[in-house]
Amino acid sequence: MSSRFDQVPDRRNTHSYKWDQSEKLFGNPDILPLWVADMDFESPPAIKKAIEGRAAQGIYGYTVMPDEAWDAITNWFTRRHQWPIQKSWLSTVTGVVTALSLAVELFTEPGGAVILQSPVYYPFYDVIKMNGRQVAANPLLHHNGRYEMDYAHLEKLMQDGAKLLLLCSPHNPGGRVWEREELVKLGELCRKYGVIIVSDEIHADMAYPGHKHIPIASISPELAEITVTTIAPTKTFNLPGLPAAYMVTPNPELKRKIDYRIKALSLHMTGFFSPDMILAAYNESEAWLDELLVYLKGNLEFAVDYLNRELPAVKPMVPESTYLLWVDCRGLGLDVTGLKELMYHKAQVAFNEGSTYGPEGKGFLRINLACSRSTLQEGLARFVKAASALAGSKTE
Ligand SMILES: Cc1ncc(COP(=O)(O)O)c(C=O)c1O
């Protein structure tokens, strides 16, 4: 039976960051783009309808979030993640990366060390470095085909003075859904050394069956007290072009500093579409999300099977959440330039090149699975064909 997600929308000439920049970024207009993390799927019908209705009003004035919209957010996290957040813990920001940057600026000193666990979503580096702080990298350990945290090295970084940790939960790339014991252990270290946790949970809703995302702040009041969590509906419902993200903390001291800085930068106004979008997303689109997750799981299984069968030199890391597939391509024996050449010119496909996620990502590629199965199939086929030709030419 065909699914609504099987449709192949034409996103060219829509000012799409992913579809309309191939010539500029990769020097090849014919590329099939499976990189930046938005989905080639229409948002849920309820959201489209709400946004169309709002757009039709014609007056695009300053906007306020009604109580029902705040309730929609808090109810969602209570229902879906067993994390009973309160409206008074939330601060509005335009995006999650903005929130991470604000937290780094607010809770560390210039020149101070900020921990991240690499490889990681590349803006984590930017928000540390571009705020004049030092990256304290705790490289993830690659164990049994998945990433795990290196607690001994983490403790060393904290002993050396790092006072803030940027947690990516679920993790991008690699797709780990951190388990309770892992988060508890991490939290104990942070409490011992007075480290604030800034937990980016934008991928919270994307966990696959069999995996349960646990908001680190939901584990105990003691952990909630030292944590600022960033949440957003934008990954879940494919709305990243519209500003909507929230910083969450029950700690009044942290919250006061956050709100003051947000006000100073005048980032506090809510987006024009946000209230209607939030209501339609969190109150009316849950069934759509469950359907999406089934489709994505199908894409994931398809991609992993295909790569294992057709190109055994590469090793996909099966994600527990996110629609991103992190593939170890070191078996192809190419350096960064070689991998780019293979993707952009030989295969005519664009995945994310791994070294942008940190040195540990060298030799890896990240594939965006959030497209129709036929598009995914085409992208993988292009890559496998070009990579196989390369391997053939090496042995000739
Ligand atoms: C871990 C993570 N954080 C944040 C973002 C982007 O958030 P925003 O667009 O709200 O800044 C992404 C997008 O891919 C992401 O993967």
# chains A, B, ... in the order shown; residues from 1 in each chain; ligands from 1

call {"tool": "select_by_dssp", "arguments": {"residues": "range 96-254 of chain A", "states": "helix (DSSP H, G or I)", "output": "PyMOL selection string"}}
result
chain A and resi 96-107+123-129+151-159+180-193+204-206+216-218+221-225+252-254

call {"tool": "residues_around", "arguments": {"residues": "range 49-53 of chain A", "least_positions_apart": "4", "cutoff": "12 Å", "atoms": "only C-alpha atoms", "output": "number ranges by chain"}}
result
A: 42-45, 57-59, 239, 242, 271-281, 283-285

call {"tool": "write_last_selection", "arguments": {"atoms": "N, CA, C and O atoms", "output": "JSON list (two decimals), in the first residue's frame"}}
result
[["chain", "number", "residue", "atom", "x", "y", "z"],
["A", 42, "GLU", "N", 5.58, 16.92, 3.14],
["A", 42, "GLU", "CA", 4.72, 18.01, 3.61],
["A", 42, "GLU", "C", 4.50, 17.86, 5.11],
["A", 42, "GLU", "O", 4.39, 16.74, 5.61],
["A", 43, "SER", "N", 4.40, 18.98, 5.78],
["A", 43, "SER", "CA", 4.06, 18.95, 7.20],
["A", 43, "SER", "C", 2.65, 18.37, 7.36],
["A", 43, "SER", "O", 1.90, 18.29, 6.39],
["A", 44, "PRO", "N", 2.28, 17.99, 8.57],
["A", 44, "PRO", "CA", 0.95, 17.41, 8.78],
["A", 44, "PRO", "C", -0.15, 18.33, 8.24],
["A", 44, "PRO", "O", -0.04, 19.56, 8.34],
["A", 45, "PRO", "N", -1.22, 17.74, 7.69],
["A", 45, "PRO", "CA", -2.30, 18.54, 7.10],
["A", 45, "PRO", "C", -2.86, 19.58, 8.07],
["A", 45, "PRO", "O", -3.18, 20.70, 7.66],
["A", 57, "GLN", "N", -5.07, 35.83, 6.90],
["A", 57, "GLN", "CA", -5.51, 37.00, 7.67],
["A", 57, "GLN", "C", -4.96, 38.30, 7.09],
["A", 57, "GLN", "O", -5.56, 39.37, 7.26],
["A", 58, "GLY", "N", -3.81, 38.24, 6.45],
["A", 58, "GLY", "CA", -3.31, 39.41, 5.72],
["A", 58, "GLY", "C", -2.65, 40.49, 6.56],
["A", 58, "GLY", "O", -1.94, 41.33, 6.04],
["A", 59, "ILE", "N", -2.89, 40.50, 7.82],
["A", 59, "ILE", "CA", -2.21, 41.46, 8.70],
["A", 59, "ILE", "C", -1.23, 40.67, 9.55],
["A", 59, "ILE", "O", -1.64, 39.80, 10.31],
["A", 239, "LEU", "N", 9.27, 21.83, 10.19],
["A", 239, "LEU", "CA", 8.96, 23.26, 10.17],
["A", 239, "LEU", "C", 10.21, 24.13, 10.36],
["A", 239, "LEU", "O", 10.11, 25.23, 10.91],
["A", 242, "LEU", "N", 10.45, 27.97, 9.97],
["A", 242, "LEU", "CA", 9.63, 28.86, 10.80],
["A", 242, "LEU", "C", 10.20, 28.90, 12.22],
["A", 242, "LEU", "O", 10.49, 27.85, 12.78],
["A", 271, "GLY", "N", 6.91, 34.08, 16.92],
["A", 271, "GLY", "CA", 6.71, 34.18, 15.47],
["A", 271, "GLY", "C", 5.23, 34.30, 15.15],
["A", 271, "GLY", "O", 4.39, 33.75, 15.87],
["A", 272, "PHE", "N", 4.93, 34.94, 14.05],
["A", 272, "PHE", "CA", 3.53, 35.17, 13.67],
["A", 272, "PHE", "C", 2.74, 33.86, 13.55],
["A", 272, "PHE", "O", 1.58, 33.77, 13.94],
["A", 273, "PHE", "N", 3.39, 32.83, 13.01],
["A", 273, "PHE", "CA", 2.68, 31.56, 12.78],
["A", 273, "PHE", "C", 2.70, 30.63, 14.00],
["A", 273, "PHE", "O", 1.99, 29.63, 14.03],
["A", 274, "SER", "N", 3.55, 30.97, 14.99],
["A", 274, "SER", "CA", 3.82, 29.99, 16.05],
["A", 274, "SER", "C", 2.59, 29.48, 16.80],
["A", 274, "SER", "O", 2.43, 28.27, 16.95],
["A", 275, "PRO", "N", 1.70, 30.35, 17.31],
["A", 275, "PRO", "CA", 0.61, 29.80, 18.13],
["A", 275, "PRO", "C", -0.25, 28.79, 17.36],
["A", 275, "PRO", "O", -0.50, 27.69, 17.87],
["A", 276, "ASP", "N", -0.63, 29.14, 16.13],
["A", 276, "ASP", "CA", -1.49, 28.24, 15.35],
["A", 276, "ASP", "C", -0.75, 26.96, 14.99],
["A", 276, "ASP", "O", -1.31, 25.85, 14.99],
["A", 277, "MET", "N", 0.53, 27.15, 14.66],
["A", 277, "MET", "CA", 1.36, 26.01, 14.28],
["A", 277, "MET", "C", 1.55, 25.06, 15.47],
["A", 277, "MET", "O", 1.42, 23.84, 15.34],
["A", 278, "ILE", "N", 1.81, 25.63, 16.63],
["A", 278, "ILE", "CA", 2.01, 24.82, 17.85],
["A", 278, "ILE", "C", 0.74, 24.05, 18.19],
["A", 278, "ILE", "O", 0.78, 22.86, 18.50],
["A", 279, "LEU", "N", -0.38, 24.75, 18.12],
["A", 279, "LEU", "CA", -1.66, 24.09, 18.46],
["A", 279, "LEU", "C", -1.93, 22.93, 17.49],
["A", 279, "LEU", "O", -2.30, 21.82, 17.91],
["A", 280, "ALA", "N", -1.73, 23.19, 16.21],
["A", 280, "ALA", "CA", -2.01, 22.15, 15.22],
["A", 280, "ALA", "C", -1.01, 21.00, 15.34],
["A", 280, "ALA", "O", -1.36, 19.83, 15.15],
["A", 281, "ALA", "N", 0.23, 21.33, 15.67],
["A", 281, "ALA", "CA", 1.27, 20.29, 15.77],
["A", 281, "ALA", "C", 1.00, 19.41, 16.99],
["A", 281, "ALA", "O", 0.76, 18.20, 16.86],
["A", 283, "ASN", "N", -1.43, 19.33, 19.23],
["A", 283, "ASN", "CA", -2.78, 18.84, 19.57],
["A", 283, "ASN", "C", -3.41, 17.99, 18.48],
["A", 283, "ASN", "O", -4.34, 17.24, 18.76],
["A", 284, "GLU", "N", -2.93, 18.14, 17.23],
["A", 284, "GLU", "CA", -3.67, 17.47, 16.15],
["A", 284, "GLU", "C", -2.81, 16.58, 15.25],
["A", 284, "GLU", "O", -3.33, 16.02, 14.29],
["A", 285, "SER", "N", -1.51, 16.51, 15.50],
["A", 285, "SER", "CA", -0.66, 15.83, 14.51],
["A", 285, "SER", "C", 0.09, 14.63, 15.06],
["A", 285, "SER", "O", 1.07, 14.17, 14.45]]

call {"tool": "residues_near_ligand", "arguments": {"ligand": "ligand 1", "cutoff": "10 Å", "atoms": "only C-alpha atoms and all ligand atoms", "output": "VMD selection string"}}
result
chain A and resid 35 to 38 93 to 101 120 to 124 167 to 173 175 199 to 204 230 to 235 239 to 246 322 to 324

call {"tool": "closest_atom_pairs", "arguments": {"of": "range 244-359 of chain A", "to": "range 4-16 of chain A", "cutoff": "12 Å", "atoms": "only C-alpha atoms", "output": "Markdown table"}}
result
| residue | atom | partner | partner_atom | distance |
| --- | --- | --- | --- | --- |
| A:Trp288 | CA | A:Arg4 | CA | 10.1 |
| A:Leu289 | CA | A:Phe5 | CA | 11.5 |
| A:Glu291 | CA | A:Phe5 | CA | 9.2 |
| A:Leu292 | CA | A:Phe5 | CA | 7.6 |
| A:Leu293 | CA | A:Phe5 | CA | 10.7 |
| A:Val294 | CA | A:Phe5 | CA | 10.4 |
| A:Tyr295 | CA | A:Phe5 | CA | 7.2 |
| A:Leu296 | CA | A:Phe5 | CA | 9.2 |
| A:Gly298 | CA | A:Phe5 | CA | 11.1 |
| A:Asn299 | CA | A:Phe5 | CA | 10.6 |

call {"tool": "write_last_selection", "arguments": {"atoms": "all heavy atoms", "output": "short mmCIF file (atom, residue, chain, number, x, y, z; two decimals), in the first residue's frame"}}
result
data_model
loop_
_atom_site.label_atom_id
_atom_site.label_comp_id
_atom_site.auth_asym_id
_atom_site.auth_seq_id
_atom_site.Cartn_x
_atom_site.Cartn_y
_atom_site.Cartn_z
N TRP A 288 -0.08 11.61 12.73
CA TRP A 288 0.82 11.83 11.57
C TRP A 288 2.25 11.45 11.96
O TRP A 288 2.96 10.78 11.20
CB TRP A 288 0.74 13.30 11.15
CG TRP A 288 1.62 13.68 9.99
CD1 TRP A 288 1.29 13.70 8.67
CD2 TRP A 288 3.01 14.12 10.05
NE1 TRP A 288 2.36 14.11 7.90
CE2 TRP A 288 3.41 14.38 8.72
CE3 TRP A 288 3.91 14.31 11.08
CZ2 TRP A 288 4.71 14.83 8.40
CZ3 TRP A 288 5.20 14.74 10.78
CH2 TRP A 288 5.59 15.00 9.45
N LEU A 289 2.68 11.87 13.13
CA LEU A 289 4.05 11.58 13.57
C LEU A 289 4.25 10.06 13.69
O LEU A 289 5.28 9.54 13.24
CB LEU A 289 4.34 12.27 14.91
CG LEU A 289 5.68 11.89 15.55
CD1 LEU A 289 6.86 12.28 14.67
CD2 LEU A 289 5.81 12.57 16.93
N GLU A 291 2.77 7.77 12.08
CA GLU A 291 2.82 7.23 10.72
C GLU A 291 4.19 7.53 10.09
O GLU A 291 4.79 6.68 9.43
CB GLU A 291 1.70 7.92 9.92
CG GLU A 291 1.28 7.22 8.67
CD GLU A 291 0.21 8.06 7.95
OE1 GLU A 291 -0.72 8.60 8.60
OE2 GLU A 291 0.33 8.19 6.72
N LEU A 292 4.67 8.74 10.33
CA LEU A 292 5.99 9.13 9.80
C LEU A 292 7.09 8.21 10.32
O LEU A 292 7.96 7.75 9.58
CB LEU A 292 6.30 10.59 10.20
CG LEU A 292 7.73 11.05 9.93
CD1 LEU A 292 7.94 11.31 8.45
CD2 LEU A 292 8.09 12.31 10.72
N LEU A 293 7.03 7.93 11.63
CA LEU A 293 8.09 7.12 12.23
C LEU A 293 8.12 5.71 11.64
O LEU A 293 9.19 5.12 11.45
CB LEU A 293 7.94 7.07 13.75
CG LEU A 293 8.29 8.40 14.46
CD1 LEU A 293 7.90 8.35 15.93
CD2 LEU A 293 9.77 8.73 14.32
N VAL A 294 6.93 5.19 11.30
CA VAL A 294 6.88 3.87 10.65
C VAL A 294 7.55 3.95 9.28
O VAL A 294 8.35 3.09 8.89
CB VAL A 294 5.41 3.39 10.53
CG1 VAL A 294 5.31 2.14 9.66
CG2 VAL A 294 4.81 3.15 11.90
N TYR A 295 7.25 5.02 8.54
CA TYR A 295 7.82 5.17 7.20
C TYR A 295 9.35 5.33 7.28
O TYR A 295 10.10 4.71 6.53
CB TYR A 295 7.20 6.37 6.48
CG TYR A 295 7.54 6.41 5.01
CD1 TYR A 295 6.80 5.68 4.09
CD2 TYR A 295 8.62 7.15 4.53
CE1 TYR A 295 7.11 5.69 2.73
CE2 TYR A 295 8.94 7.17 3.18
CZ TYR A 295 8.18 6.43 2.28
OH TYR A 295 8.49 6.45 0.94
N LEU A 296 9.78 6.16 8.23
CA LEU A 296 11.23 6.38 8.37
C LEU A 296 11.95 5.09 8.76
O LEU A 296 13.05 4.81 8.30
CB LEU A 296 11.49 7.47 9.42
CG LEU A 296 11.12 8.89 9.01
CD1 LEU A 296 11.32 9.85 10.18
CD2 LEU A 296 11.95 9.36 7.81
N GLY A 298 11.07 2.18 7.92
CA GLY A 298 11.14 1.42 6.67
C GLY A 298 12.31 1.91 5.82
O GLY A 298 13.06 1.12 5.25
N ASN A 299 12.46 3.23 5.72
CA ASN A 299 13.58 3.79 4.95
C ASN A 299 14.92 3.37 5.55
O ASN A 299 15.88 3.05 4.84
CB ASN A 299 13.50 5.33 4.94
CG ASN A 299 12.65 5.84 3.80
OD1 ASN A 299 12.04 5.05 3.08
ND2 ASN A 299 12.59 7.16 3.64
#

call {"tool": "atom_distance", "arguments": {"atom1": "CA of Leu325 in chain A", "atom2": "CA of Glu353 in chain A"}}
result
12.0 Å

call {"tool": "closest_residue", "arguments": {"among": "A:Leu342, A:Met317, A:Leu300, A:Ala162", "to": "Ile31 in chain A", "atoms": "only C-alpha atoms"}}
result
A:Leu342

call {"tool": "select_by_dssp", "arguments": {"residues": "range 109-221 of chain A", "states": "strand (DSSP E or B)", "output": "NGL selection string"}}
result
:A and (113-116 or 134-137 or 141-143 or 146-148 or 164-168 or 196-200)

call {"tool": "residues_around", "arguments": {"residues": "Gly333 in chain A", "least_positions_apart": "2", "cutoff": "12 Å", "atoms": "only C-alpha atoms", "output": "list in words"}}
result
Ala313, Val314, Asp328, Cys329, Arg330, Gly331, Asp335, Val336, Thr337, Gly338, Leu339, Leu342, Lys362, Gly363, Phe364, Ala387, Leu390, Ala391 and Lys394 of chain A

call {"tool": "write_last_selection", "arguments": {"atoms": "N, CA, C and O atoms", "output": "PDB file, in the first residue's frame"}}
result
ATOM      1  N   ALA A 313      31.904  -2.516   1.889  1.00  0.00           N
ATOM      2  CA  ALA A 313      33.061  -1.744   2.377  1.00  0.00           C
ATOM      3  C   ALA A 313      32.620  -0.622   3.314  1.00  0.00           C
ATOM      4  O   ALA A 313      33.426  -0.098   4.084  1.00  0.00           O
ATOM      5  N   VAL A 314      31.350  -0.223   3.272  1.00  0.00           N
ATOM      6  CA  VAL A 314      30.881   0.839   4.174  1.00  0.00           C
ATOM      7  C   VAL A 314      29.991   0.220   5.256  1.00  0.00           C
ATOM      8  O   VAL A 314      29.348  -0.791   5.043  1.00  0.00           O
ATOM      9  N   ASP A 328      30.012   4.730   8.110  1.00  0.00           N
ATOM     10  CA  ASP A 328      31.470   4.649   8.165  1.00  0.00           C
ATOM     11  C   ASP A 328      31.974   4.231   6.784  1.00  0.00           C
ATOM     12  O   ASP A 328      31.798   3.085   6.370  1.00  0.00           O
ATOM     13  N   CYS A 329      32.586   5.183   6.079  1.00  0.00           N
ATOM     14  CA  CYS A 329      33.046   4.903   4.710  1.00  0.00           C
ATOM     15  C   CYS A 329      34.563   4.767   4.654  1.00  0.00           C
ATOM     16  O   CYS A 329      35.168   4.884   3.583  1.00  0.00           O
ATOM     17  N   ARG A 330      35.187   4.565   5.808  1.00  0.00           N
ATOM     18  CA  ARG A 330      36.648   4.509   5.814  1.00  0.00           C
ATOM     19  C   ARG A 330      37.166   3.344   4.978  1.00  0.00           C
ATOM     20  O   ARG A 330      38.270   3.400   4.450  1.00  0.00           O
ATOM     21  N   GLY A 331      36.316   2.316   4.841  1.00  0.00           N
ATOM     22  CA  GLY A 331      36.709   1.157   4.034  1.00  0.00           C
ATOM     23  C   GLY A 331      36.905   1.500   2.562  1.00  0.00           C
ATOM     24  O   GLY A 331      37.487   0.710   1.811  1.00  0.00           O
ATOM     25  N   ASP A 335      40.273  10.090   1.225  1.00  0.00           N
ATOM     26  CA  ASP A 335      40.364  11.201   2.166  1.00  0.00           C
ATOM     27  C   ASP A 335      39.139  12.106   1.964  1.00  0.00           C
ATOM     28  O   ASP A 335      38.253  11.799   1.142  1.00  0.00           O
ATOM     29  N   VAL A 336      39.096  13.218   2.690  1.00  0.00           N
ATOM     30  CA  VAL A 336      37.921  14.087   2.636  1.00  0.00           C
ATOM     31  C   VAL A 336      37.659  14.572   1.205  1.00  0.00           C
ATOM     32  O   VAL A 336      36.522  14.534   0.713  1.00  0.00           O
ATOM     33  N   THR A 337      38.711  15.003   0.535  1.00  0.00           N
ATOM     34  CA  THR A 337      38.544  15.485  -0.842  1.00  0.00           C
ATOM     35  C   THR A 337      38.035  14.365  -1.745  1.00  0.00           C
ATOM     36  O   THR A 337      37.158  14.575  -2.588  1.00  0.00           O
ATOM     37  N   GLY A 338      38.573  13.185  -1.538  1.00  0.00           N
ATOM     38  CA  GLY A 338      38.162  12.032  -2.349  1.00  0.00           C
ATOM     39  C   GLY A 338      36.694  11.691  -2.136  1.00  0.00           C
ATOM     40  O   GLY A 338      35.967  11.382  -3.092  1.00  0.00           O
ATOM     41  N   LEU A 339      36.244  11.757  -0.895  1.00  0.00           N
ATOM     42  CA  LEU A 339      34.826  11.464  -0.609  1.00  0.00           C
ATOM     43  C   LEU A 339      33.907  12.498  -1.253  1.00  0.00           C
ATOM     44  O   LEU A 339      32.849  12.181  -1.788  1.00  0.00           O
ATOM     45  N   LEU A 342      33.791  11.886  -4.923  1.00  0.00           N
ATOM     46  CA  LEU A 342      32.960  10.716  -5.185  1.00  0.00           C
ATOM     47  C   LEU A 342      31.472  11.104  -5.143  1.00  0.00           C
ATOM     48  O   LEU A 342      30.701  10.764  -6.042  1.00  0.00           O
ATOM     49  N   LYS A 362      35.860  12.012  10.286  1.00  0.00           N
ATOM     50  CA  LYS A 362      36.589  11.866   9.016  1.00  0.00           C
ATOM     51  C   LYS A 362      36.372  10.473   8.442  1.00  0.00           C
ATOM     52  O   LYS A 362      36.515   9.481   9.151  1.00  0.00           O
ATOM     53  N   GLY A 363      35.980  10.413   7.179  1.00  0.00           N
ATOM     54  CA  GLY A 363      35.741   9.106   6.552  1.00  0.00           C
ATOM     55  C   GLY A 363      34.299   8.643   6.676  1.00  0.00           C
ATOM     56  O   GLY A 363      33.940   7.591   6.175  1.00  0.00           O
ATOM     57  N   PHE A 364      33.464   9.462   7.370  1.00  0.00           N
ATOM     58  CA  PHE A 364      32.046   9.118   7.506  1.00  0.00           C
ATOM     59  C   PHE A 364      31.200  10.034   6.612  1.00  0.00           C
ATOM     60  O   PHE A 364      31.614  11.136   6.266  1.00  0.00           O
ATOM     61  N   ALA A 387      30.858   4.300  -6.085  1.00  0.00           N
ATOM     62  CA  ALA A 387      31.855   3.760  -5.150  1.00  0.00           C
ATOM     63  C   ALA A 387      32.369   2.409  -5.651  1.00  0.00           C
ATOM     64  O   ALA A 387      33.555   2.097  -5.517  1.00  0.00           O
ATOM     65  N   LEU A 390      34.817   2.840  -8.408  1.00  0.00           N
ATOM     66  CA  LEU A 390      36.088   3.286  -7.837  1.00  0.00           C
ATOM     67  C   LEU A 390      36.880   2.102  -7.325  1.00  0.00           C
ATOM     68  O   LEU A 390      38.067   1.950  -7.592  1.00  0.00           O
ATOM     69  N   ALA A 391      36.190   1.217  -6.591  1.00  0.00           N
ATOM     70  CA  ALA A 391      36.870   0.042  -6.037  1.00  0.00           C
ATOM     71  C   ALA A 391      37.393  -0.817  -7.183  1.00  0.00           C
ATOM     72  O   ALA A 391      38.521  -1.307  -7.147  1.00  0.00           O
ATOM     73  N   LYS A 394      40.469   0.561  -8.706  1.00  0.00           N
ATOM     74  CA  LYS A 394      41.655   0.412  -7.851  1.00  0.00           C
ATOM     75  C   LYS A 394      42.305  -0.957  -8.008  1.00  0.00           C
ATOM     76  O   LYS A 394      43.502  -1.116  -7.891  1.00  0.00           O
TER      77      LYS A 394
END

call {"tool": "residues_around", "arguments": {"residues": "His153 in chain A", "least_positions_apart": "2", "cutoff": "10 Å", "atoms": "only C-alpha atoms", "output": "PDB file with N, CA, C and O atoms, in the first residue's frame"}}
result
ATOM      1  N   ALA A 137      36.672  18.688  23.885  1.00  0.00           N
ATOM      2  CA  ALA A 137      36.006  17.562  23.218  1.00  0.00           C
ATOM      3  C   ALA A 137      36.151  16.277  24.018  1.00  0.00           C
ATOM      4  O   ALA A 137      37.239  15.945  24.498  1.00  0.00           O
ATOM      5  N   ASN A 138      35.034  15.601  24.180  1.00  0.00           N
ATOM      6  CA  ASN A 138      35.046  14.270  24.783  1.00  0.00           C
ATOM      7  C   ASN A 138      34.615  13.284  23.680  1.00  0.00           C
ATOM      8  O   ASN A 138      33.426  12.983  23.554  1.00  0.00           O
ATOM      9  N   PRO A 139      35.587  12.808  22.877  1.00  0.00           N
ATOM     10  CA  PRO A 139      35.192  11.954  21.745  1.00  0.00           C
ATOM     11  C   PRO A 139      34.403  10.740  22.219  1.00  0.00           C
ATOM     12  O   PRO A 139      34.747  10.114  23.224  1.00  0.00           O
ATOM     13  N   LEU A 140      33.341  10.439  21.485  1.00  0.00           N
ATOM     14  CA  LEU A 140      32.531   9.266  21.822  1.00  0.00           C
ATOM     15  C   LEU A 140      33.307   8.004  21.477  1.00  0.00           C
ATOM     16  O   LEU A 140      34.134   8.003  20.560  1.00  0.00           O
ATOM     17  N   MET A 149      29.550   6.998  25.778  1.00  0.00           N
ATOM     18  CA  MET A 149      30.290   8.120  26.365  1.00  0.00           C
ATOM     19  C   MET A 149      31.542   7.625  27.085  1.00  0.00           C
ATOM     20  O   MET A 149      31.535   6.569  27.700  1.00  0.00           O
ATOM     21  N   ASP A 150      32.581   8.443  27.038  1.00  0.00           N
ATOM     22  CA  ASP A 150      33.835   8.133  27.727  1.00  0.00           C
ATOM     23  C   ASP A 150      33.834   8.917  29.050  1.00  0.00           C
ATOM     24  O   ASP A 150      34.228  10.079  29.104  1.00  0.00           O
ATOM     25  N   TYR A 151      33.380   8.253  30.111  1.00  0.00           N
ATOM     26  CA  TYR A 151      33.194   8.958  31.389  1.00  0.00           C
ATOM     27  C   TYR A 151      34.523   9.357  32.033  1.00  0.00           C
ATOM     28  O   TYR A 151      34.600  10.384  32.696  1.00  0.00           O
ATOM     29  N   GLU A 155      35.347  13.160  33.031  1.00  0.00           N
ATOM     30  CA  GLU A 155      35.699  13.612  34.384  1.00  0.00           C
ATOM     31  C   GLU A 155      36.981  14.437  34.350  1.00  0.00           C
ATOM     32  O   GLU A 155      37.104  15.456  35.024  1.00  0.00           O
ATOM     33  N   LYS A 156      37.904  14.015  33.513  1.00  0.00           N
ATOM     34  CA  LYS A 156      39.172  14.751  33.396  1.00  0.00           C
ATOM     35  C   LYS A 156      38.901  16.187  32.900  1.00  0.00           C
ATOM     36  O   LYS A 156      39.447  17.152  33.428  1.00  0.00           O
ATOM     37  N   LEU A 157      38.018  16.307  31.906  1.00  0.00           N
ATOM     38  CA  LEU A 157      37.711  17.644  31.376  1.00  0.00           C
ATOM     39  C   LEU A 157      37.059  18.510  32.457  1.00  0.00           C
ATOM     40  O   LEU A 157      37.297  19.716  32.542  1.00  0.00           O
ATOM     41  N   MET A 158      36.245  17.890  33.285  1.00  0.00           N
ATOM     42  CA  MET A 158      35.597  18.641  34.366  1.00  0.00           C
ATOM     43  C   MET A 158      36.625  19.014  35.445  1.00  0.00           C
ATOM     44  O   MET A 158      36.618  20.124  35.966  1.00  0.00           O
ATOM     45  N   GLN A 159      37.517  18.089  35.741  1.00  0.00           N
ATOM     46  CA  GLN A 159      38.576  18.405  36.720  1.00  0.00           C
ATOM     47  C   GLN A 159      39.443  19.548  36.212  1.00  0.00           C
ATOM     48  O   GLN A 159      39.929  20.365  36.975  1.00  0.00           O
TER      49      GLN A 159
END

call {"tool": "residues_around", "arguments": {"residues": "Thr227 in chain A", "least_positions_apart": "2", "cutoff": "9 Å", "atoms": "only C-alpha atoms", "output": "ChimeraX atom specification"}}
result
/A:196-199,216-217,223-225,229,248-251,254

call {"tool": "closest_residue", "arguments": {"among": "A:Leu311, A:Ala207, A:Ala103, A:Val184", "to": "Ala381 in chain A", "atoms": "only C-alpha atoms"}}
result
A:Leu311
